[in-house]
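The next block is model-v9.pdb, given as PDB, C-alpha atoms.
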```
ATOM      1  CA  MET Y 965      12.029   4.774 -20.567
ATOM      2  CA  TYR Y 966       8.422   4.293 -19.387
ATOM      3  CA  PHE Y 967       6.944   3.108 -22.684
ATOM      4  CA  ASP Y 968       9.868   0.768 -23.439
ATOM      5  CA  ASN Y 969       9.111  -1.380 -20.384
ATOM      6  CA  PRO Y 970       5.949  -3.485 -20.804
ATOM      7  CA  PHE Y 971       5.912  -4.164 -17.040
ATOM      8  CA  LYS Y 972       5.121  -0.531 -16.325
ATOM      9  CA  THR Y 973       1.598  -0.962 -17.692
ATOM     10  CA  ARG Y 974       0.797  -4.619 -16.953
ATOM     11  CA  LEU Y 975       1.480  -7.094 -14.192
ATOM     12  CA  PRO Y 976       3.960  -9.871 -14.993
ATOM     13  CA  GLU Y 977       2.835 -13.432 -15.625
ATOM     14  CA  SER Y 978       4.235 -15.946 -13.109
ATOM     15  CA  HIS Y 979       7.005 -17.038 -15.508
ATOM     16  CA  GLU Y 980       8.029 -13.381 -15.999
ATOM     17  CA  ALA Y 981       8.230 -12.462 -12.306
ATOM     18  CA  LEU Y 982      11.601 -12.101 -10.600
ATOM     19  CA  PRO Y 983      12.461 -14.982  -8.234
ATOM     20  CA  GLY Y 984      13.145 -12.871  -5.164
ATOM     21  CA  ARG Y 985      14.720 -14.472  -2.107
ATOM     22  CA  PHE Y 986      13.972 -16.456   1.016
ATOM     23  CA  GLU Y 987      15.749 -13.996   3.328
ATOM     24  CA  LYS Y 988      13.793 -10.978   4.501
ATOM     25  CA  ILE Y 989      15.043  -7.513   3.574
ATOM     26  CA  GLN Y 990      16.659  -5.799   6.555
ATOM     27  CA  THR Y 991      14.496  -2.996   7.857
ATOM     28  CA  SER Y 992      13.819  -0.861  10.912
ATOM     29  CA  GLN Y 993      12.330  -2.275  14.104
ATOM     30  CA  LEU Y 994      10.830   0.908  15.585
ATOM     31  CA  HIS Y 995       8.711   3.646  14.042
ATOM     32  CA  SER Y 996      10.843   6.808  13.833
ATOM     33  CA  VAL Y 997       7.914   9.103  14.678
ATOM     34  CA  LEU Y 998       5.571   7.059  16.888
ATOM     35  CA  ASN Y 999       8.313   5.009  18.620
ATOM     36  CA  THR Y1000       6.161   1.875  18.285
ATOM     37  CA  PRO Y1001       7.096  -1.503  16.788
ATOM     38  CA  LEU Y1002       6.984  -1.833  13.004
ATOM     39  CA  HIS Y1003       6.634  -5.622  13.131
ATOM     40  CA  PRO Y1004       4.092  -7.993  14.686
ATOM     41  CA  PRO Y1005       2.967  -9.235  17.048
ATOM     42  CA  PHE Y1006       0.534  -6.376  17.609
ATOM     43  CA  SER Y1007      -2.195  -6.284  20.243
ATOM     44  CA  ASP Y1008      -5.320  -8.295  19.378
ATOM     45  CA  ASN Y1009      -7.254  -5.068  20.038
ATOM     46  CA  PHE Y1010      -5.675  -3.464  16.974
ATOM     47  CA  LYS Y1011      -6.759  -3.854  13.344
ATOM     48  CA  LYS Y1012      -4.612  -3.747  10.214
ATOM     49  CA  LEU Y1013      -5.116  -2.424   6.699
ATOM     50  CA  VAL Y1014      -2.752  -2.270   3.720
ATOM     51  CA  VAL Y1015      -3.149   0.531   1.172
ATOM     52  CA  GLY Y1016      -1.393   1.374  -2.076
ATOM     53  CA  MET Y1017      -1.833   4.937  -3.294
ATOM     54  CA  GLY Y1018       1.260   5.844  -5.283
ATOM     55  CA  CYS Y1019       4.641   6.575  -3.748
ATOM     56  CA  PHE Y1020       4.605   5.112  -0.248
ATOM     57  CA  TRP Y1021       6.601   7.918   1.385
ATOM     58  CA  GLY Y1022       3.823  10.512   1.325
ATOM     59  CA  ALA Y1023       1.072   7.966   1.867
ATOM     60  CA  GLU Y1024       2.709   6.706   5.049
ATOM     61  CA  ARG Y1025       3.002  10.239   6.469
ATOM     62  CA  LEU Y1026      -0.731  10.820   5.940
ATOM     63  CA  PHE Y1027      -1.582   7.900   8.204
ATOM     64  CA  TRP Y1028       1.000   8.178  10.984
ATOM     65  CA  GLN Y1029      -0.456  11.630  11.775
ATOM     66  CA  ILE Y1030      -3.939  10.215  12.478
ATOM     67  CA  GLU Y1031      -4.945   9.824  16.123
ATOM     68  CA  GLY Y1032      -5.581   6.151  16.798
ATOM     69  CA  VAL Y1033      -2.966   4.881  14.348
ATOM     70  CA  TYR Y1034      -0.520   2.830  16.392
ATOM     71  CA  SER Y1035       2.079   2.138  13.723
ATOM     72  CA  THR Y1036       2.748   2.391  10.001
ATOM     73  CA  ALA Y1037       5.335   0.786   7.744
ATOM     74  CA  VAL Y1038       6.090   0.904   4.044
ATOM     75  CA  GLY Y1039       6.538  -2.174   1.922
ATOM     76  CA  TYR Y1040       5.458  -4.145  -1.094
ATOM     77  CA  SER Y1041       2.151  -5.980  -1.620
ATOM     78  CA  GLY Y1042       0.003  -7.616  -4.249
ATOM     79  CA  GLY Y1043       2.740  -9.250  -6.292
ATOM     80  CA  GLN Y1044       4.531 -12.527  -6.736
ATOM     81  CA  THR Y1045       8.201 -11.962  -5.849
ATOM     82  CA  PRO Y1046       9.091 -12.874  -2.242
ATOM     83  CA  ASN Y1047      11.133 -10.332  -0.250
ATOM     84  CA  PRO Y1048      11.787  -7.981  -3.172
ATOM     85  CA  THR Y1049      14.199  -5.079  -3.142
ATOM     86  CA  TYR Y1050      13.094  -1.562  -4.054
ATOM     87  CA  GLU Y1051      14.977  -1.800  -7.351
ATOM     88  CA  GLU Y1052      13.207  -5.060  -8.219
ATOM     89  CA  VAL Y1053       9.799  -3.533  -7.477
ATOM     90  CA  CYS Y1054      10.669  -0.534  -9.672
ATOM     91  CA  SER Y1055      11.470  -2.902 -12.563
ATOM     92  CA  GLY Y1056       7.791  -3.852 -12.711
ATOM     93  CA  ARG Y1057       8.688  -7.544 -12.665
ATOM     94  CA  THR Y1058       7.550  -8.334  -9.121
ATOM     95  CA  GLY Y1059       3.873  -7.436  -9.494
ATOM     96  CA  HIS Y1060       3.997  -5.533  -6.200
ATOM     97  CA  THR Y1061       2.656  -2.082  -5.517
ATOM     98  CA  GLU Y1062       4.297   0.282  -3.046
ATOM     99  CA  SER Y1063       2.088  -0.009   0.011
ATOM    100  CA  VAL Y1064       1.569   1.122   3.585
ATOM    101  CA  LEU Y1065       0.702  -1.160   6.478
ATOM    102  CA  ILE Y1066      -1.556   0.679   8.932
ATOM    103  CA  VAL Y1067      -2.002  -0.717  12.442
ATOM    104  CA  TYR Y1068      -4.814   1.109  14.213
ATOM    105  CA  ASN Y1069      -7.014   1.125  17.283
ATOM    106  CA  PRO Y1070     -10.628   0.871  16.010
ATOM    107  CA  ILE Y1071     -11.939   2.352  19.257
ATOM    108  CA  ILE Y1072     -10.136   5.618  18.436
ATOM    109  CA  VAL Y1073     -10.172   5.713  14.620
ATOM    110  CA  SER Y1074     -12.663   3.976  12.355
ATOM    111  CA  LEU Y1075     -11.960   2.077   9.181
ATOM    112  CA  ASP Y1076     -14.288   4.561   7.442
ATOM    113  CA  LYS Y1077     -12.019   7.440   8.493
ATOM    114  CA  LEU Y1078      -8.932   5.655   7.144
ATOM    115  CA  LEU Y1079     -10.727   4.852   3.902
ATOM    116  CA  SER Y1080     -11.857   8.454   3.459
ATOM    117  CA  ILE Y1081      -8.201   9.498   3.647
ATOM    118  CA  PHE Y1082      -7.310   6.763   1.154
ATOM    119  CA  TRP Y1083      -9.940   7.772  -1.415
ATOM    120  CA  GLU Y1084      -9.490  11.528  -1.039
ATOM    121  CA  GLU Y1085      -5.693  11.782  -0.941
ATOM    122  CA  HIS Y1086      -4.915  10.112  -4.268
ATOM    123  CA  ASN Y1087      -6.592   9.593  -7.639
ATOM    124  CA  PRO Y1088      -8.065   6.076  -7.683
ATOM    125  CA  THR Y1089      -9.207   6.485 -11.304
ATOM    126  CA  GLN Y1090      -5.654   6.430 -12.695
ATOM    127  CA  HIS Y1091      -4.409   3.146 -14.144
ATOM    128  CA  MET Y1092      -0.945   1.932 -13.078
ATOM    129  CA  ARG Y1093       0.187   5.388 -11.997
ATOM    130  CA  GLN Y1094      -0.264   8.328  -9.656
ATOM    131  CA  GLY Y1095       0.382  11.676 -11.261
ATOM    132  CA  ASN Y1096       3.850  11.672 -12.810
ATOM    133  CA  ASP Y1097       4.762   8.384 -11.106
ATOM    134  CA  LYS Y1098       4.074   5.745 -13.745
ATOM    135  CA  GLY Y1099       4.197   1.999 -13.354
ATOM    136  CA  THR Y1100       2.550  -0.991 -11.744
ATOM    137  CA  GLN Y1101       4.256  -0.235  -8.416
ATOM    138  CA  TYR Y1102       2.215   2.981  -8.158
ATOM    139  CA  ARG Y1103      -1.192   1.393  -8.689
ATOM    140  CA  SER Y1104      -4.063   2.043  -6.319
ATOM    141  CA  ALA Y1105      -4.816  -0.912  -4.032
ATOM    142  CA  LEU Y1106      -6.573  -1.991  -0.850
ATOM    143  CA  PHE Y1107      -5.794  -5.269   0.911
ATOM    144  CA  ALA Y1108      -8.130  -6.701   3.570
ATOM    145  CA  PHE Y1109      -7.235  -8.977   6.473
ATOM    146  CA  ASP Y1110     -10.588 -10.790   6.711
ATOM    147  CA  GLU Y1111     -13.830 -11.249   4.787
ATOM    148  CA  LYS Y1112     -15.693  -8.639   6.852
ATOM    149  CA  GLN Y1113     -13.051  -6.012   6.100
ATOM    150  CA  LEU Y1114     -13.019  -7.010   2.420
ATOM    151  CA  LYS Y1115     -16.765  -6.383   2.242
ATOM    152  CA  GLU Y1116     -16.296  -2.978   3.903
ATOM    153  CA  LEU Y1117     -13.585  -2.058   1.379
ATOM    154  CA  ASN Y1118     -15.814  -3.013  -1.550
ATOM    155  CA  ASN Y1119     -18.780  -1.103  -0.067
ATOM    156  CA  SER Y1120     -16.585   1.953   0.386
ATOM    157  CA  ALA Y1121     -15.412   1.727  -3.239
ATOM    158  CA  GLU Y1122     -19.023   1.575  -4.431
ATOM    159  CA  LEU Y1123     -19.916   4.709  -2.466
ATOM    160  CA  TYR Y1124     -16.902   6.627  -3.770
ATOM    161  CA  GLN Y1125     -17.571   5.427  -7.313
ATOM    162  CA  GLU Y1126     -21.092   6.805  -7.085
ATOM    163  CA  ALA Y1127     -19.758  10.165  -5.903
ATOM    164  CA  LEU Y1128     -17.092  10.209  -8.639
ATOM    165  CA  THR Y1129     -19.597   9.290 -11.342
ATOM    166  CA  ASN Y1130     -21.977  12.020 -10.186
ATOM    167  CA  SER Y1131     -19.093  14.495 -10.442
ATOM    168  CA  GLY Y1132     -18.163  13.401 -13.968
ATOM    169  CA  TYR Y1133     -15.079  11.341 -13.103
ATOM    170  CA  SER Y1134     -14.169   7.965 -14.557
ATOM    171  CA  LYS Y1135     -14.133   4.453 -13.119
ATOM    172  CA  ILE Y1136     -12.109   3.548 -10.039
ATOM    173  CA  GLN Y1137      -9.070   1.426 -10.937
ATOM    174  CA  THR Y1138      -8.283   0.396  -7.363
ATOM    175  CA  GLU Y1139      -7.362  -3.240  -6.860
ATOM    176  CA  ILE Y1140      -9.280  -4.652  -3.867
ATOM    177  CA  ASN Y1141      -8.166  -8.072  -2.630
ATOM    178  CA  MET Y1142      -7.463 -10.153   0.423
ATOM    179  CA  HIS Y1143      -4.079  -9.493   1.963
ATOM    180  CA  SER Y1144      -1.556 -12.172   1.200
ATOM    181  CA  HIS Y1145       1.913 -10.792   1.985
ATOM    182  CA  PHE Y1146       3.326  -7.487   3.125
ATOM    183  CA  TYR Y1147       7.073  -7.407   2.489
ATOM    184  CA  TYR Y1148       8.768  -4.653   4.488
ATOM    185  CA  ALA Y1149      10.771  -2.133   2.495
ATOM    186  CA  GLU Y1150      14.365  -1.287   3.307
ATOM    187  CA  ALA Y1151      15.107   0.685   6.472
ATOM    188  CA  TYR Y1152      15.815   3.948   4.649
ATOM    189  CA  HIS Y1153      12.271   3.970   3.209
ATOM    190  CA  GLN Y1154      10.562   3.709   6.613
ATOM    191  CA  GLN Y1155       9.196   7.116   7.701
ATOM    192  CA  TYR Y1156      11.290   8.592   4.885
ATOM    193  CA  LEU Y1157       9.681  12.042   4.907
ATOM    194  CA  HIS Y1158      10.326  12.378   8.651
ATOM    195  CA  LYS Y1159      13.958  11.356   8.277
TER     196      LYS Y1159
END
```
File written out as structure tokens:
Amino acid sequence: MYFDNPFKTRLPESHEALPGRFEKIQTSQLHSVLNTPLHPPFSDNFKKLVVGMGCFWGAERLFWQIEGVYSTAVGYSGGQTPNPTYEEVCSGRTGHTESVLIVYNPIIVSLDKLLSIFWEEHNPTQHMRQGNDKGTQYRSALFAFDEKQLKELNNSAELYQEALTNSGYSKIQTEINMHSHFYYAEAYHQQYLHK
């Protein structure tokens, strides 16, 4: 039950996190919709962003439909456990949030456009949940790939916070950090809503 598991409302300390594994989880190689690679290397002309906005199935579909997005993949970010399984992430003892890797062509689609979709298509003011999905794996998150992008993410959050405050909404709970690891989810999760 949700309230019986303390790891649904708080991230685990390092000694509480599951150990994970050295071996990568087996996943798809090609995007089922875009027919592009899910894994690097990607062209140096492309940029990457990782977002967490609740269940990764629907979030991924939002982004693969955007012109200029080259590839998307679902996985786990922001936690401690290496190469976790879906079941481990759902336990709350990995510290990961369900996330989407977005690989995009900045000449065709701007980071601002992607961030507007991020902010507007979920509720960033909810803590450790999205709607009825409760737990640390559903937390709102943005992960940057360099300092310039990190600054842009923080600036975007400030602008959206101002708009939310002016509309009577509460404080944004979104975690904004540098990207450290994106662990690909199992093959059946990739482009799940298309399959």
Result set, the PyMOL selection byres ((chain Y and resi 1087) around 12) on current file, as a PyMOL selection string: chain Y and resi 1016-1018+1081-1086+1088-1097+1102-1105+1124-1125+1128+1133-1138
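One distance worth recording is that between CA of Leu1079 in chain Y and CA of Thr1129 in chain Y, which is 18.2 Å.
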Could you list, as a list in words, every residue matched by the PyMOL selection byres ((chain Y and resi 998) around 9) in this structure? Leu994, His995, Ser996, Val997, Asn999, Thr1000, Pro1001, Trp1028, Tyr1034, Ser1035 and Thr1036 of chain Y
Measure the distance from CA of Pro1046 in chain Y to CA of Thr1100 in chain Y in Å and round it to one decimal.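 Pair CA of Pro1046 in chain Y / CA of Thr1100 in chain Y returns 16.6 Å.
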Taking the file as shown, find all residues satisfying the PyMOL selection byres ((chain Y and resi 1071) around 12) and write them as a list in words.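 Checked against the file, the PyMOL selection byres ((chain Y and resi 1071) around 12) matches Asn1009, Phe1010, Lys1011, Glu1031, Gly1032, Val1033, Tyr1034, Tyr1068, Asn1069, Pro1070, Ile1072, Val1073, Ser1074, Leu1075 and Lys1077 of chain Y.
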May I have the residues from that selection written out with C-alpha atoms, as a PDB file, keeping the file's coordinate frame?
```
ATOM      1  CA  ASN Y1009      -7.254  -5.068  20.038  1.00  0.00           C
ATOM      2  CA  PHE Y1010      -5.675  -3.464  16.974  1.00  0.00           C
ATOM      3  CA  LYS Y1011      -6.759  -3.854  13.344  1.00  0.00           C
ATOM      4  CA  GLU Y1031      -4.945   9.824  16.123  1.00  0.00           C
ATOM      5  CA  GLY Y1032      -5.581   6.151  16.798  1.00  0.00           C
ATOM      6  CA  VAL Y1033      -2.966   4.881  14.348  1.00  0.00           C
ATOM      7  CA  TYR Y1034      -0.520   2.830  16.392  1.00  0.00           C
ATOM      8  CA  TYR Y1068      -4.814   1.109  14.213  1.00  0.00           C
ATOM      9  CA  ASN Y1069      -7.014   1.125  17.283  1.00  0.00           C
ATOM     10  CA  PRO Y1070     -10.628   0.871  16.010  1.00  0.00           C
ATOM     11  CA  ILE Y1072     -10.136   5.618  18.436  1.00  0.00           C
ATOM     12  CA  VAL Y1073     -10.172   5.713  14.620  1.00  0.00           C
ATOM     13  CA  SER Y1074     -12.663   3.976  12.355  1.00  0.00           C
ATOM     14  CA  LEU Y1075     -11.960   2.077   9.181  1.00  0.00           C
ATOM     15  CA  LYS Y1077     -12.019   7.440   8.493  1.00  0.00           C
TER      16      LYS Y1077
END
```
Taking only C-alpha atoms into account, which of Y:Val1064, Y:Val1053, Y:Met1142, Y:Ile989 comes nearest Ala1023 in chain Y? Y:Val1064
Restricting the calculation to all atoms listed in the file: of Y:Leu1002, Y:Val1038, Y:Val1015, Y:Val1067, which residue gets closest to Asn1141 in chain Y?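 Closest to Asn1141 in chain Y of all the choices is Y:Val1015.
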Pick out the residues sitting within 9 Å of His1143 in chain Y, and hand them over as number ranges by chain; count only C-alpha atoms, and ignore anything fewer than 6 positions along from it in its own chain. Y: 1013-1014, 1041-1042, 1106-1110
Quick check, in Å to one decimal: how far apart do CA of Gln1154 in chain Y and CA of Gln1029 in chain Y lie? 14.5 Å
Given 3 Å of margin on each side, can you work out the centre and size in Å (one decimal) of an axis-aligned box holding every listed atom of range 1053-1061 of chain Y, as JSON?
```
{"center_x": 7.1, "center_y": -4.4, "center_z": -9.1, "size_x": 14.8, "size_y": 13.8, "size_z": 13.2}
```
Which is closest to Ala1151 in chain Y among Y:Gly1043, Y:Tyr1050, Y:Thr973, Y:Gly1022, if we use all atoms listed in the file? Y:Tyr1050
Using all atoms listed in the file, the residue out of Y:Glu1024, Y:Glu1062, Y:Glu1116, Y:Glu1111 with shortest distance to Phe1146 in chain Y is Y:Glu1062
May I ask which of the residues Y:Glu1051, Y:Thr1058, Y:Pro1004, Y:Asn1130 is the closest one to Ala981 in chain Y, counting all atoms listed in the file? Y:Thr1058
Please provide the set of residues having any atom within 12 Å of Pro970 in chain Y, restricted to all atoms listed in the file, with same-chain residues fewer than 2 positions apart removed, written as a ChimeraX atom specification. /Y:965-968,972-977,980,1055-1057,1092,1098-1100
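Nearest-residue note for Thr991 in chain Y: choosing from Y:Lys1159, Y:Lys1012, Y:Arg1025, Y:His1003, the minimum distance belongs to Y:His1003, counting only C-alpha atoms.
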